[in-house]
file input07.cif (mmCIF, C-alpha atoms)
data_work
loop_
_atom_site.label_atom_id
_atom_site.label_comp_id
_atom_site.auth_asym_id
_atom_site.auth_seq_id
_atom_site.Cartn_x
_atom_site.Cartn_y
_atom_site.Cartn_z
CA MET A 1 0.00 0.00 0.00
CA GLN A 2 1.64 3.20 -1.20
CA ILE A 3 0.89 6.37 0.76
CA VAL A 4 2.15 9.59 -0.81
CA ILE A 5 2.38 12.82 1.17
CA ALA A 6 2.84 15.84 -1.08
CA LEU A 7 5.23 18.58 0.00
CA TYR A 8 5.34 22.10 -1.36
CA ASP A 9 7.16 25.23 -0.19
CA ARG A 10 5.67 26.81 2.93
CA PHE A 11 3.62 23.75 3.90
CA THR A 12 2.77 23.29 7.57
CA ALA A 13 5.08 20.63 8.96
CA LEU A 14 2.72 19.11 11.52
CA ASP A 15 0.08 18.64 8.79
CA ALA A 16 2.45 16.19 7.13
CA VAL A 17 4.38 14.73 10.04
CA GLY A 18 1.40 14.06 12.33
CA PRO A 19 -0.30 11.74 9.82
CA HIS A 20 3.08 10.27 8.83
CA GLN A 21 3.74 9.30 12.45
CA VAL A 22 0.42 7.43 12.48
CA LEU A 23 0.35 5.94 9.00
CA ALA A 24 3.98 4.79 9.02
CA HIS A 25 2.91 2.17 11.55
CA VAL A 26 0.15 0.74 9.37
CA PRO A 27 1.38 -2.74 8.38
CA ALA A 28 2.35 -2.93 4.71
CA ALA A 29 2.27 0.84 4.30
CA GLU A 30 5.02 2.36 2.20
CA ILE A 31 5.08 6.11 2.78
CA ILE A 32 6.75 8.41 0.29
CA PHE A 33 7.12 12.17 0.56
CA ALA A 34 6.95 13.67 -2.90
CA SER A 35 7.30 17.08 -4.49
CA GLU A 36 7.69 18.38 -8.04
CA ARG A 37 11.17 16.92 -7.81
CA ALA A 38 13.13 15.11 -5.11
CA ARG A 39 14.46 17.83 -2.82
CA ALA A 40 14.44 19.24 0.70
CA VAL A 41 11.25 21.27 1.13
CA SER A 42 11.02 24.22 3.54
CA ASP A 43 8.00 24.62 5.76
CA GLU A 44 6.08 27.79 6.52
CA THR A 45 8.47 28.81 9.28
CA GLY A 46 11.61 28.58 7.18
CA THR A 47 13.39 26.74 9.99
CA LEU A 48 12.32 23.20 9.08
CA THR A 49 13.04 21.18 5.96
CA LEU A 50 11.57 17.80 5.18
CA GLY A 51 13.00 15.60 2.49
CA ALA A 52 10.91 14.67 -0.55
CA ASP A 53 12.42 11.47 -1.90
CA ALA A 54 10.35 11.29 -5.06
CA SER A 55 8.95 13.51 -7.77
CA TYR A 56 5.24 13.47 -8.51
CA ALA A 57 6.06 11.73 -11.77
CA ASP A 58 7.68 8.92 -9.77
CA VAL A 59 4.43 8.15 -7.93
CA PRO A 60 1.53 8.41 -10.39
CA HIS A 61 -0.75 5.92 -8.63
CA PRO A 62 -0.64 6.16 -4.83
CA ASP A 63 -3.20 4.14 -2.90
CA VAL A 64 -3.50 6.96 -0.40
CA LEU A 65 -2.84 10.58 -1.26
CA LEU A 66 -2.38 13.18 1.48
CA ILE A 67 -2.20 16.92 0.82
CA PRO A 68 -1.04 19.03 3.78
CA GLY A 69 -2.00 22.66 4.25
CA GLY A 70 -0.04 25.76 5.04
CA PRO A 71 0.46 29.28 3.68
CA GLY A 72 2.06 27.79 0.56
CA GLN A 73 -1.30 26.32 -0.40
CA SER A 74 -2.31 29.59 -2.06
CA ALA A 75 0.27 29.04 -4.79
CA HIS A 76 -1.42 25.79 -5.83
CA MET A 77 -4.99 26.83 -6.45
CA GLY A 78 -4.68 27.16 -10.22
CA ASP A 79 -3.75 25.02 -13.20
CA GLY A 80 -0.34 23.44 -13.20
CA PRO A 81 1.60 20.22 -12.95
CA PHE A 82 0.77 19.74 -9.25
CA ARG A 83 -2.97 19.97 -9.91
CA ASP A 84 -2.65 17.73 -12.96
CA TRP A 85 -0.87 15.12 -10.88
CA ILE A 86 -3.49 15.29 -8.10
CA ILE A 87 -6.35 14.86 -10.57
CA GLU A 88 -4.67 11.91 -12.28
CA ALA A 89 -3.60 10.27 -9.02
CA ASP A 90 -7.06 10.67 -7.55
CA LYS A 91 -8.51 8.52 -10.34
CA THR A 92 -6.91 5.43 -8.86
CA THR A 93 -6.55 6.22 -5.14
CA THR A 94 -8.34 4.26 -2.48
CA TRP A 95 -8.31 7.37 -0.29
CA THR A 96 -7.68 10.99 -1.18
CA THR A 97 -7.04 13.02 1.95
CA SER A 98 -5.98 16.41 3.23
CA VAL A 99 -5.08 18.28 6.38
CA CYS A 100 -5.93 21.92 7.12
CA THR A 101 -5.95 24.10 3.99
CA GLY A 102 -4.87 21.13 1.90
CA SER A 103 -8.59 20.63 1.29
CA LEU A 104 -8.66 23.95 -0.56
CA ILE A 105 -6.21 22.49 -3.08
CA LEU A 106 -8.41 19.41 -3.50
CA ALA A 107 -11.51 21.57 -3.83
CA ALA A 108 -9.88 23.90 -6.36
CA ALA A 109 -9.00 20.81 -8.39
CA GLY A 110 -12.71 19.96 -8.45
CA LEU A 111 -12.46 16.87 -6.28
CA LEU A 112 -14.69 18.03 -3.43
CA THR A 113 -17.55 19.55 -5.41
CA GLY A 114 -20.78 18.82 -3.58
CA ARG A 115 -18.96 16.77 -0.97
CA GLN A 116 -18.92 17.25 2.77
CA ALA A 117 -15.46 18.38 3.82
CA THR A 118 -13.61 20.42 6.40
CA THR A 119 -10.53 22.64 6.62
CA TYR A 120 -8.75 25.13 8.85
CA TRP A 121 -11.27 27.08 10.89
CA LEU A 122 -10.37 30.37 9.19
CA ALA A 123 -10.84 28.87 5.72
CA MET A 124 -14.36 27.40 6.03
CA ASN A 125 -15.98 30.05 3.86
CA GLU A 126 -13.20 29.74 1.32
CA LEU A 127 -13.87 25.99 1.17
CA ALA A 128 -17.57 26.68 0.56
CA SER A 129 -16.74 29.13 -2.22
CA LEU A 130 -14.84 26.30 -3.93
CA GLY A 131 -17.92 24.10 -4.07
CA ALA A 132 -17.58 21.83 -1.05
CA LYS A 133 -20.09 21.59 1.78
CA PRO A 134 -18.16 22.68 4.87
CA VAL A 135 -18.65 20.66 8.04
CA HIS A 136 -17.34 21.86 11.37
CA ASP A 137 -15.78 18.66 12.57
CA ARG A 138 -12.33 17.37 13.45
CA TYR A 139 -12.31 15.32 10.24
CA VAL A 140 -14.88 14.36 7.65
CA PHE A 141 -15.14 11.26 5.48
CA ASP A 142 -17.27 11.50 2.33
CA GLY A 143 -16.80 8.53 0.04
CA LYS A 144 -13.09 8.05 -0.45
CA TYR A 145 -12.33 11.65 0.51
CA ALA A 146 -11.12 12.41 4.04
CA THR A 147 -10.43 15.99 5.04
CA SER A 148 -9.37 17.33 8.41
CA ALA A 149 -9.50 20.56 10.33
CA GLY A 150 -6.41 22.62 11.09
CA VAL A 151 -2.88 21.32 11.53
CA SER A 152 -3.09 19.01 14.56
CA ALA A 153 -6.38 17.51 13.32
CA GLY A 154 -4.41 15.47 10.84
CA ILE A 155 -3.42 13.15 13.69
CA ASP A 156 -7.06 12.44 14.51
CA MET A 157 -7.93 11.92 10.84
CA ALA A 158 -4.95 9.63 10.31
CA LEU A 159 -6.02 7.39 13.19
CA ALA A 160 -9.53 7.12 11.74
CA LEU A 161 -7.98 6.40 8.33
CA ALA A 162 -5.65 3.79 9.84
CA ALA A 163 -8.71 2.01 11.22
CA ARG A 164 -10.29 1.96 7.76
CA LEU A 165 -7.04 0.77 6.16
CA THR A 166 -6.72 -2.02 8.73
CA ASP A 167 -9.00 -2.43 11.76
CA ASP A 168 -9.79 -0.76 15.06
CA ASP A 169 -7.27 -2.84 16.99
CA THR A 170 -4.41 -1.79 14.75
CA ALA A 171 -5.39 1.87 14.93
CA GLN A 172 -5.65 1.71 18.71
CA ALA A 173 -2.23 0.03 18.94
CA ILE A 174 -0.79 2.89 16.90
CA GLN A 175 -2.48 5.43 19.18
CA LEU A 176 -0.97 3.70 22.22
CA GLY A 177 2.40 3.60 20.49
CA ILE A 178 2.42 7.38 20.06
CA GLU A 179 0.87 7.83 23.51
CA TYR A 180 -1.83 10.00 22.02
CA ALA A 181 -3.87 10.80 25.10
CA PRO A 182 -3.83 14.55 24.51
CA ASN A 183 -4.16 16.90 27.44
CA PRO A 184 -3.35 20.45 26.40
CA PRO A 185 -2.70 22.96 29.19
CA PHE A 186 -5.34 25.32 27.76
CA ASN A 187 -8.70 24.85 26.09
CA ALA A 188 -8.02 27.31 23.31
CA GLY A 189 -7.71 25.00 20.30
CA SER A 190 -11.02 25.92 18.69
CA PRO A 191 -12.72 29.24 17.97
CA ALA A 192 -15.62 27.92 20.06
CA THR A 193 -13.50 27.66 23.20
CA ALA A 194 -10.60 30.11 22.79
CA PRO A 195 -10.80 33.57 24.39
CA PRO A 196 -12.96 35.65 22.01
CA ARG A 197 -10.37 38.42 21.71
CA LEU A 198 -7.82 35.89 20.40
CA VAL A 199 -10.34 34.53 17.91
CA ALA A 200 -11.15 38.05 16.73
CA ALA A 201 -7.47 38.90 16.32
CA GLN A 202 -6.83 35.84 14.17
CA ARG A 203 -9.92 36.51 12.07
CA ALA A 204 -8.71 40.07 11.49
CA ALA A 205 -5.25 38.88 10.48
CA SER A 206 -6.43 36.02 8.28
CA ARG A 207 -5.31 35.70 4.68
CA PHE A 208 -8.77 34.39 3.77
CA PRO A 209 -11.77 36.55 2.90
CA ASN A 210 -14.67 36.40 5.38
CA PRO A 211 -12.85 34.03 7.74
CA MET B 212 15.80 33.43 22.11
CA GLN B 213 17.57 30.46 20.56
CA ILE B 214 15.75 27.11 20.69
CA VAL B 215 17.79 24.11 19.58
CA ILE B 216 16.16 20.79 18.74
CA ALA B 217 18.69 17.95 18.57
CA LEU B 218 18.32 15.34 15.84
CA TYR B 219 19.96 11.93 15.78
CA ASP B 220 19.42 8.90 13.57
CA ARG B 221 16.18 7.01 14.28
CA PHE B 222 14.60 9.82 16.28
CA THR B 223 10.80 9.98 16.38
CA ALA B 224 9.70 12.73 14.01
CA LEU B 225 6.61 13.89 15.88
CA ASP B 226 8.71 14.32 19.04
CA ALA B 227 10.61 17.05 17.23
CA VAL B 228 8.04 18.47 14.83
CA GLY B 229 5.16 18.75 17.32
CA PRO B 230 7.09 21.09 19.64
CA HIS B 231 8.61 22.90 16.63
CA GLN B 232 5.13 23.67 15.32
CA VAL B 233 4.29 25.28 18.66
CA LEU B 234 7.56 26.96 19.55
CA ALA B 235 8.18 28.40 16.07
CA HIS B 236 5.31 30.77 16.76
CA VAL B 237 6.77 32.11 19.98
CA PRO B 238 7.69 35.73 19.22
CA ALA B 239 11.46 36.23 19.01
CA ALA B 240 12.12 32.50 18.94
CA GLU B 241 14.85 31.32 16.61
CA ILE B 242 14.59 27.56 16.21
CA ILE B 243 17.53 25.57 14.94
CA PHE B 244 17.65 21.84 14.27
CA ALA B 245 21.12 20.55 15.07
CA SER B 246 23.00 17.29 14.84
CA GLU B 247 26.66 16.25 15.11
CA ARG B 248 27.02 17.96 11.74
CA ALA B 249 24.62 19.74 9.39
CA ARG B 250 22.87 16.98 7.46
CA ALA B 251 19.53 15.35 6.66
CA VAL B 252 18.64 13.05 9.56
CA SER B 253 16.47 9.96 9.10
CA ASP B 254 13.72 9.18 11.56
CA GLU B 255 12.83 5.82 13.08
CA THR B 256 10.70 4.82 10.11
CA GLY B 257 13.37 5.42 7.49
CA THR B 258 10.83 7.23 5.31
CA LEU B 259 11.23 10.73 6.74
CA THR B 260 14.26 12.98 6.82
CA LEU B 261 14.47 16.28 8.63
CA GLY B 262 17.21 18.76 7.93
CA ALA B 263 19.68 19.72 10.65
CA ASP B 264 21.06 23.11 9.64
CA ALA B 265 23.72 23.32 12.34
CA SER B 266 26.27 21.17 14.11
CA TYR B 267 26.23 20.98 17.89
CA ALA B 268 29.45 22.99 17.88
CA ASP B 269 27.60 25.77 16.05
CA VAL B 270 25.08 26.18 18.88
CA PRO B 271 26.92 25.85 22.21
CA HIS B 272 24.55 28.04 24.23
CA PRO B 273 20.88 27.56 23.35
CA ASP B 274 18.33 29.25 25.57
CA VAL B 275 16.05 26.26 25.17
CA LEU B 276 17.32 22.76 24.49
CA LEU B 277 14.93 20.04 23.31
CA ILE B 278 15.89 16.37 23.02
CA PRO B 279 13.41 14.16 21.17
CA GLY B 280 13.05 10.45 21.77
CA GLY B 281 12.91 7.45 19.50
CA PRO B 282 14.62 4.09 19.06
CA GLY B 283 17.88 5.89 18.23
CA GLN B 284 18.02 7.17 21.80
CA SER B 285 19.68 3.94 22.93
CA ALA B 286 22.83 4.86 21.01
CA HIS B 287 23.26 8.03 23.07
CA MET B 288 23.23 6.75 26.62
CA GLY B 289 27.00 6.70 27.05
CA ASP B 290 29.92 9.09 26.92
CA GLY B 291 30.49 10.92 23.69
CA PRO B 292 30.36 14.28 21.93
CA PHE B 293 26.55 14.45 22.02
CA ARG B 294 26.47 13.97 25.78
CA ASP B 295 29.35 16.42 26.24
CA TRP B 296 27.44 19.03 24.25
CA ILE B 297 24.23 18.46 26.22
CA ILE B 298 26.03 18.83 29.55
CA GLU B 299 27.81 22.01 28.45
CA ALA B 300 24.71 23.50 26.82
CA ASP B 301 22.61 22.76 29.89
CA LYS B 302 24.87 24.94 32.02
CA THR B 303 23.50 28.06 30.34
CA THR B 304 20.01 27.06 29.18
CA THR B 305 16.89 28.69 30.52
CA TRP B 306 14.99 25.47 29.83
CA THR B 307 16.29 21.97 29.17
CA THR B 308 13.53 19.80 27.77
CA SER B 309 12.75 16.43 26.26
CA VAL B 310 10.00 14.43 24.61
CA CYS B 311 9.39 10.71 25.04
CA THR B 312 12.62 8.72 25.59
CA GLY B 313 14.65 11.90 25.16
CA SER B 314 14.46 12.14 28.94
CA LEU B 315 16.52 8.95 29.19
CA ILE B 316 19.35 10.77 27.39
CA LEU B 317 19.07 13.69 29.82
CA ALA B 318 18.95 11.30 32.77
CA ALA B 319 21.93 9.29 31.57
CA ALA B 320 23.84 12.56 31.32
CA GLY B 321 23.10 13.13 35.00
CA LEU B 322 20.77 16.07 34.49
CA LEU B 323 17.64 14.56 36.03
CA THR B 324 19.12 12.95 39.12
CA GLY B 325 16.64 13.31 41.96
CA ARG B 326 14.28 15.32 39.78
CA GLN B 327 10.68 14.59 38.94
CA ALA B 328 10.43 13.67 35.28
CA THR B 329 8.45 11.64 32.81
CA THR B 330 9.02 9.65 29.63
CA TYR B 331 7.41 7.16 27.26
CA TRP B 332 5.06 4.88 29.17
CA LEU B 333 7.15 1.79 28.42
CA ALA B 334 10.33 3.48 29.71
CA MET B 335 9.20 4.64 33.16
CA ASN B 336 11.22 2.02 35.03
CA GLU B 337 14.22 2.73 32.84
CA LEU B 338 13.94 6.40 33.78
CA ALA B 339 13.85 5.47 37.46
CA SER B 340 16.93 3.29 37.08
CA LEU B 341 18.75 6.35 35.75
CA GLY B 342 18.11 8.31 38.93
CA ALA B 343 15.04 10.40 38.12
CA LYS B 344 11.76 10.27 40.01
CA PRO B 345 9.21 9.14 37.42
CA VAL B 346 5.86 10.90 37.37
CA HIS B 347 2.96 9.58 35.34
CA ASP B 348 1.84 12.81 33.76
CA ARG B 349 1.56 14.32 30.30
CA TYR B 350 4.53 16.57 31.07
CA VAL B 351 6.50 17.49 34.17
CA PHE B 352 8.32 20.68 35.07
CA ASP B 353 10.98 20.48 37.78
CA GLY B 354 13.08 23.61 37.98
CA LYS B 355 14.26 24.42 34.48
CA TYR B 356 13.76 20.84 33.31
CA ALA B 357 10.62 19.95 31.37
CA THR B 358 10.06 16.38 30.25
CA SER B 359 7.09 14.90 28.46
CA ALA B 360 5.44 11.55 27.97
CA GLY B 361 5.50 9.70 24.68
CA VAL B 362 5.65 11.23 21.21
CA SER B 363 2.46 13.34 20.94
CA ALA B 364 2.89 14.65 24.50
CA GLY B 365 5.57 16.98 23.22
CA ILE B 366 2.81 19.19 21.80
CA ASP B 367 1.21 19.56 25.24
CA MET B 368 4.57 20.25 26.88
CA ALA B 369 5.51 22.80 24.23
CA LEU B 370 2.31 24.75 24.82
CA ALA B 371 3.01 24.84 28.55
CA LEU B 372 6.58 25.91 27.80
CA ALA B 373 5.36 28.59 25.39
CA ALA B 374 3.27 30.04 28.21
CA ARG B 375 6.34 30.18 30.44
CA LEU B 376 8.46 31.72 27.68
CA THR B 377 5.79 34.36 27.03
CA ASP B 378 2.35 34.40 28.65
CA ASP B 379 -0.91 32.45 28.65
CA ASP B 380 -2.45 34.58 25.92
CA THR B 381 0.39 33.91 23.53
CA ALA B 382 0.30 30.19 24.21
CA GLN B 383 -3.44 30.08 23.69
CA ALA B 384 -3.12 32.01 20.43
CA ILE B 385 -0.61 29.40 19.25
CA GLN B 386 -2.97 26.60 20.27
CA LEU B 387 -5.78 28.23 18.28
CA GLY B 388 -3.42 28.71 15.36
CA ILE B 389 -2.71 24.98 15.17
CA GLU B 390 -6.36 24.19 15.94
CA TYR B 391 -5.27 21.90 18.76
CA ALA B 392 -8.62 20.75 20.07
CA PRO B 393 -7.75 17.09 19.91
CA ASN B 394 -10.48 14.53 19.49
CA PRO B 395 -9.03 11.13 18.68
CA PRO B 396 -11.42 8.51 17.31
CA PHE B 397 -10.37 6.03 20.02
CA ASN B 398 -9.44 6.34 23.67
CA ALA B 399 -6.38 4.13 23.43
CA GLY B 400 -3.56 6.62 23.92
CA SER B 401 -2.60 5.56 27.41
CA PRO B 402 -1.97 2.16 29.01
CA ALA B 403 -4.69 3.12 31.49
CA THR B 404 -7.35 3.34 28.79
CA ALA B 405 -6.18 1.15 25.89
CA PRO B 406 -7.51 -2.39 25.51
CA PRO B 407 -5.45 -4.49 27.97
CA ARG B 408 -4.42 -7.02 25.32
CA LEU B 409 -2.84 -4.21 23.27
CA VAL B 410 -1.02 -2.90 26.35
CA ALA B 411 0.26 -6.40 27.15
CA ALA B 412 1.46 -6.93 23.58
CA GLN B 413 3.45 -3.69 23.60
CA ARG B 414 4.93 -4.46 27.02
CA ALA B 415 6.02 -7.87 25.72
CA ALA B 416 7.61 -6.35 22.62
CA SER B 417 9.28 -3.44 24.41
CA ARG B 418 13.00 -2.81 24.07
CA PHE B 419 13.10 -1.72 27.72
CA PRO B 420 13.51 -4.04 30.70
CA ASN B 421 10.47 -4.28 33.02
CA PRO B 422 8.38 -1.92 30.91
#
call {"tool": "encode", "arguments": {"input": "input07.cif", "output": "structure tokens"}}
result
Amino acid sequence: MQIVIALYDRFTALDAVGPHQVLAHVPAAEIIFASERARAVSDETGTLTLGADASYADVPHPDVLLIPGGPGQSAHMGDGPFRDWIIEADKTTTWTTSVCTGSLILAAAGLLTGRQATTYWLAMNELASLGAKPVHDRYVFDGKYATSAGVSAGIDMALALAARLTDDDTAQAIQLGIEYAPNPPFNAGSPATAPPRLVAAQRAASRFPNP
Amino acid sequence: MQIVIALYDRFTALDAVGPHQVLAHVPAAEIIFASERARAVSDETGTLTLGADASYADVPHPDVLLIPGGPGQSAHMGDGPFRDWIIEADKTTTWTTSVCTGSLILAAAGLLTGRQATTYWLAMNELASLGAKPVHDRYVFDGKYATSAGVSAGIDMALALAARLTDDDTAQAIQLGIEYAPNPPFNAGSPATAPPRLVAAQRAASRFPNP
């Protein structure tokens, strides 16, 4: 089972590495990071580089495709080789997935039209404008498409995906293996629970219209 | 404020990238991945490489030191340049921190003797044998030492550390920014809640004595 995680400049590292940490422990999974060519790809912070070992051309038919989000997503909303590869790869995937604003790339490629999907909390209206039906949930499965909310939500989605790729026992063993019993020191991870002034500040600073 | 994350072969990627995703958004933080020399470092799975942009010699005095865990930890429990660097760096850090079995490296270097600390759930007895006082918690602060439980716990610890480096508002804004409102599909992330047969299987397969 080939799982390809796409990397592009200014991606969000946890979007890619969270699911990788989960899916790498799925038996028989072969995970490959890919980009337009094999190279070290810089994340949104500029202080982290992750290696892409393959070009998109090297992996035309992944079983599972995962598109991370990040500020760099905005450069991939139009026609181009990356979109062409996604559309072709999607034709034969078992699962086509995204984390955070990665779903905007899928939606812009026409793959989420009319489908229930989710994305980063600031990008929900943007997702709707691209033809998907936004759902406020940690992750959403609609057919073979699995999309997740912002950044850290990719871990939750990947565990649910691992269960579908294998079984509940295997997914739970992976969860135990990464000791994923989260207990954040604050309850500020959602606009519904964060201090309203912080939510307002991030809405005001958002790169998305009508966030 | 210089934050150095150490990378060694067969580290666990989420141990390093989870905290990076949090700490990179601390204002005035400069995060540097370091290894014995600048290079691409392979994680425990062999399918992920993270770039170390500096050698340990390049960063002798980090303000914050973070040691991830992973199977490769076992190669760093004895004397050597990595330990020498940790001991020297620790003399001037504001915070010396670890994720997962990274605390075993700190403990073996003598930095956690008599201190409360935590580690990966399968390594708690190993941590005790190295002179620390194991605490079953998501993360533990004792003086300037902050240690966290397995893998994903580094995200929780990093948020608590971000609050100490700045203030609660800043840490909560970071949490909102990474939409960290975790909601895993199973409740199997701790030996206290996972199906007992899965816990027993991982104890039996553990590389640690008396896990």
call {"tool": "residues_around", "arguments": {"input": "input07.cif", "residues": "Leu322 of chain B", "least_positions_apart": "5", "cutoff": "9 Å", "atoms": "all atoms listed in the file", "output": "compact mmCIF listing (two decimals) with C-alpha atoms, in the frame of the given file"}}
result
# COMPACT_ATOMS: atom_id res chain seq x y z
CA ILE B 298 26.03 18.83 29.55
CA ASP B 301 22.61 22.76 29.89
CA ILE B 316 19.35 10.77 27.39
CA LEU B 317 19.07 13.69 29.82
CA ALA B 343 15.04 10.40 38.12
CA TYR B 356 13.76 20.84 33.31
call {"tool": "closest_residue", "arguments": {"input": "input07.cif", "among": "B:Ala405, B:Ala286, B:Cys311, B:Ile216", "to": "Leu333 of chain B", "atoms": "all atoms listed in the file"}}
result
B:Cys311
call {"tool": "resolve_selection", "arguments": {"input": "input07.cif", "expression": "the PyMOL selection byres ((chain A) within 6 of (chain B))", "output": "number ranges by chain"}}
result
A: 49-51, 150-152, 156, 172, 175-176, 178-181, 184, 188-190
call {"tool": "resolve_selection", "arguments": {"input": "input07.cif", "expression": "the PyMOL selection byres ((chain A and resi 129) around 12)", "output": "JSON, numbers by chain"}}
result
{"A": [104, 107, 108, 110, 112, 113, 114, 123, 124, 125, 126, 127, 128, 130, 131, 132, 133, 134, 208, 209, 210, 211]}
call {"tool": "write_last_selection", "arguments": {"input": "input07.cif", "atoms": "C-alpha atoms", "output": "PDB file, in the coordinates of the input"}}
result
ATOM      1  CA  LEU A 104      -8.660  23.950  -0.560  1.00  0.00           C
ATOM      2  CA  ALA A 107     -11.510  21.570  -3.830  1.00  0.00           C
ATOM      3  CA  ALA A 108      -9.880  23.900  -6.360  1.00  0.00           C
ATOM      4  CA  GLY A 110     -12.710  19.960  -8.450  1.00  0.00           C
ATOM      5  CA  LEU A 112     -14.690  18.030  -3.430  1.00  0.00           C
ATOM      6  CA  THR A 113     -17.550  19.550  -5.410  1.00  0.00           C
ATOM      7  CA  GLY A 114     -20.780  18.820  -3.580  1.00  0.00           C
ATOM      8  CA  ALA A 123     -10.840  28.870   5.720  1.00  0.00           C
ATOM      9  CA  MET A 124     -14.360  27.400   6.030  1.00  0.00           C
ATOM     10  CA  ASN A 125     -15.980  30.050   3.860  1.00  0.00           C
ATOM     11  CA  GLU A 126     -13.200  29.740   1.320  1.00  0.00           C
ATOM     12  CA  LEU A 127     -13.870  25.990   1.170  1.00  0.00           C
ATOM     13  CA  ALA A 128     -17.570  26.680   0.560  1.00  0.00           C
ATOM     14  CA  LEU A 130     -14.840  26.300  -3.930  1.00  0.00           C
ATOM     15  CA  GLY A 131     -17.920  24.100  -4.070  1.00  0.00           C
ATOM     16  CA  ALA A 132     -17.580  21.830  -1.050  1.00  0.00           C
ATOM     17  CA  LYS A 133     -20.090  21.590   1.780  1.00  0.00           C
ATOM     18  CA  PRO A 134     -18.160  22.680   4.870  1.00  0.00           C
ATOM     19  CA  PHE A 208      -8.770  34.390   3.770  1.00  0.00           C
ATOM     20  CA  PRO A 209     -11.770  36.550   2.900  1.00  0.00           C
ATOM     21  CA  ASN A 210     -14.670  36.400   5.380  1.00  0.00           C
ATOM     22  CA  PRO A 211     -12.850  34.030   7.740  1.00  0.00           C
TER      23      PRO A 211
END
call {"tool": "atom_distance", "arguments": {"input": "input07.cif", "atom1": "atom CA of Ser55 of chain A", "atom2": "atom CA of Tyr8 of chain A"}}
result
11.3 Å
call {"tool": "atom_distance", "arguments": {"input": "input07.cif", "atom1": "atom CA of Val237 of chain B", "atom2": "atom CA of Thr307 of chain B"}}
result
16.7 Å
call {"tool": "residues_around", "arguments": {"input": "input07.cif", "residues": "Ala240 of chain B", "least_positions_apart": "6", "cutoff": "7 Å", "atoms": "all atoms listed in the file", "output": "NGL selection string"}}
result
:B and (212-214)
call {"tool": "residues_around", "arguments": {"input": "input07.cif", "residues": "Ala109 of chain A", "least_positions_apart": "6", "cutoff": "10 Å", "atoms": "only C-alpha atoms", "output": "PyMOL selection string"}}
result
chain A and resi 76-79+82-84+86-87+103+130
call {"tool": "atom_distance", "arguments": {"input": "input07.cif", "atom1": "atom CA of Ser309 of chain B", "atom2": "atom CA of Thr358 of chain B"}}
result
4.8 Å
call {"tool": "closest_residue", "arguments": {"input": "input07.cif", "among": "B:Trp296, B:Thr330, B:Pro282, B:Lys302", "to": "Ser417 of chain B", "atoms": "all atoms listed in the file"}}
result
B:Pro282
call {"tool": "closest_residue", "arguments": {"input": "input07.cif", "among": "B:Val310, B:Ala300, B:Ala416, B:Ala239", "to": "His272 of chain B", "atoms": "only C-alpha atoms"}}
result
B:Ala300
call {"tool": "residues_near_point", "arguments": {"input": "input07.cif", "point": "(14.5, 28.7, 29.9)", "cutoff": "9 Å", "atoms": "all atoms listed in the file", "output": "compact mmCIF listing (two decimals) with C-alpha atoms, keeping the file's coordinate frame"}}
result
# COMPACT_ATOMS: atom_id res chain seq x y z
CA ASP B 274 18.33 29.25 25.57
CA VAL B 275 16.05 26.26 25.17
CA LEU B 276 17.32 22.76 24.49
CA THR B 304 20.01 27.06 29.18
CA THR B 305 16.89 28.69 30.52
CA TRP B 306 14.99 25.47 29.83
CA THR B 307 16.29 21.97 29.17
CA LYS B 355 14.26 24.42 34.48
CA TYR B 356 13.76 20.84 33.31
CA LEU B 372 6.58 25.91 27.80
CA ARG B 375 6.34 30.18 30.44
CA LEU B 376 8.46 31.72 27.68
call {"tool": "residues_around", "arguments": {"input": "input07.cif", "residues": "Ala268 of chain B", "least_positions_apart": "6", "cutoff": "10 Å", "atoms": "all atoms listed in the file", "output": "list in words"}}
result
Ala245, Ser246, Glu247, Arg248, Pro292, Phe293 and Trp296 of chain B
call {"tool": "build_atoms", "arguments": {"input": "input07.cif", "residues": "segment 356-363 of chain B", "atoms": "N, CA and C atoms", "output": "short mmCIF file (atom, residue, chain, number, x, y, z; two decimals), keeping the file's coordinate frame"}}
result
data_model
loop_
_atom_site.label_atom_id
_atom_site.label_comp_id
_atom_site.auth_asym_id
_atom_site.auth_seq_id
_atom_site.Cartn_x
_atom_site.Cartn_y
_atom_site.Cartn_z
N TYR B 356 13.86 22.06 34.11
CA TYR B 356 13.76 20.84 33.31
C TYR B 356 12.29 20.51 33.03
N ALA B 357 11.97 20.32 31.78
CA ALA B 357 10.62 19.95 31.37
C ALA B 357 10.71 18.68 30.53
N THR B 358 10.05 17.65 30.97
CA THR B 358 10.06 16.38 30.25
C THR B 358 8.62 16.01 29.92
N SER B 359 8.45 15.28 28.83
CA SER B 359 7.09 14.90 28.46
C SER B 359 6.97 13.41 28.22
N ALA B 360 5.74 12.95 28.23
CA ALA B 360 5.44 11.55 27.97
C ALA B 360 5.68 11.27 26.49
N GLY B 361 5.14 10.17 26.01
CA GLY B 361 5.50 9.70 24.68
C GLY B 361 5.03 10.57 23.53
N VAL B 362 5.89 10.74 22.57
CA VAL B 362 5.65 11.23 21.21
C VAL B 362 4.72 12.46 21.16
N SER B 363 3.41 12.23 21.10
CA SER B 363 2.46 13.34 20.94
C SER B 363 2.43 14.27 22.14
#
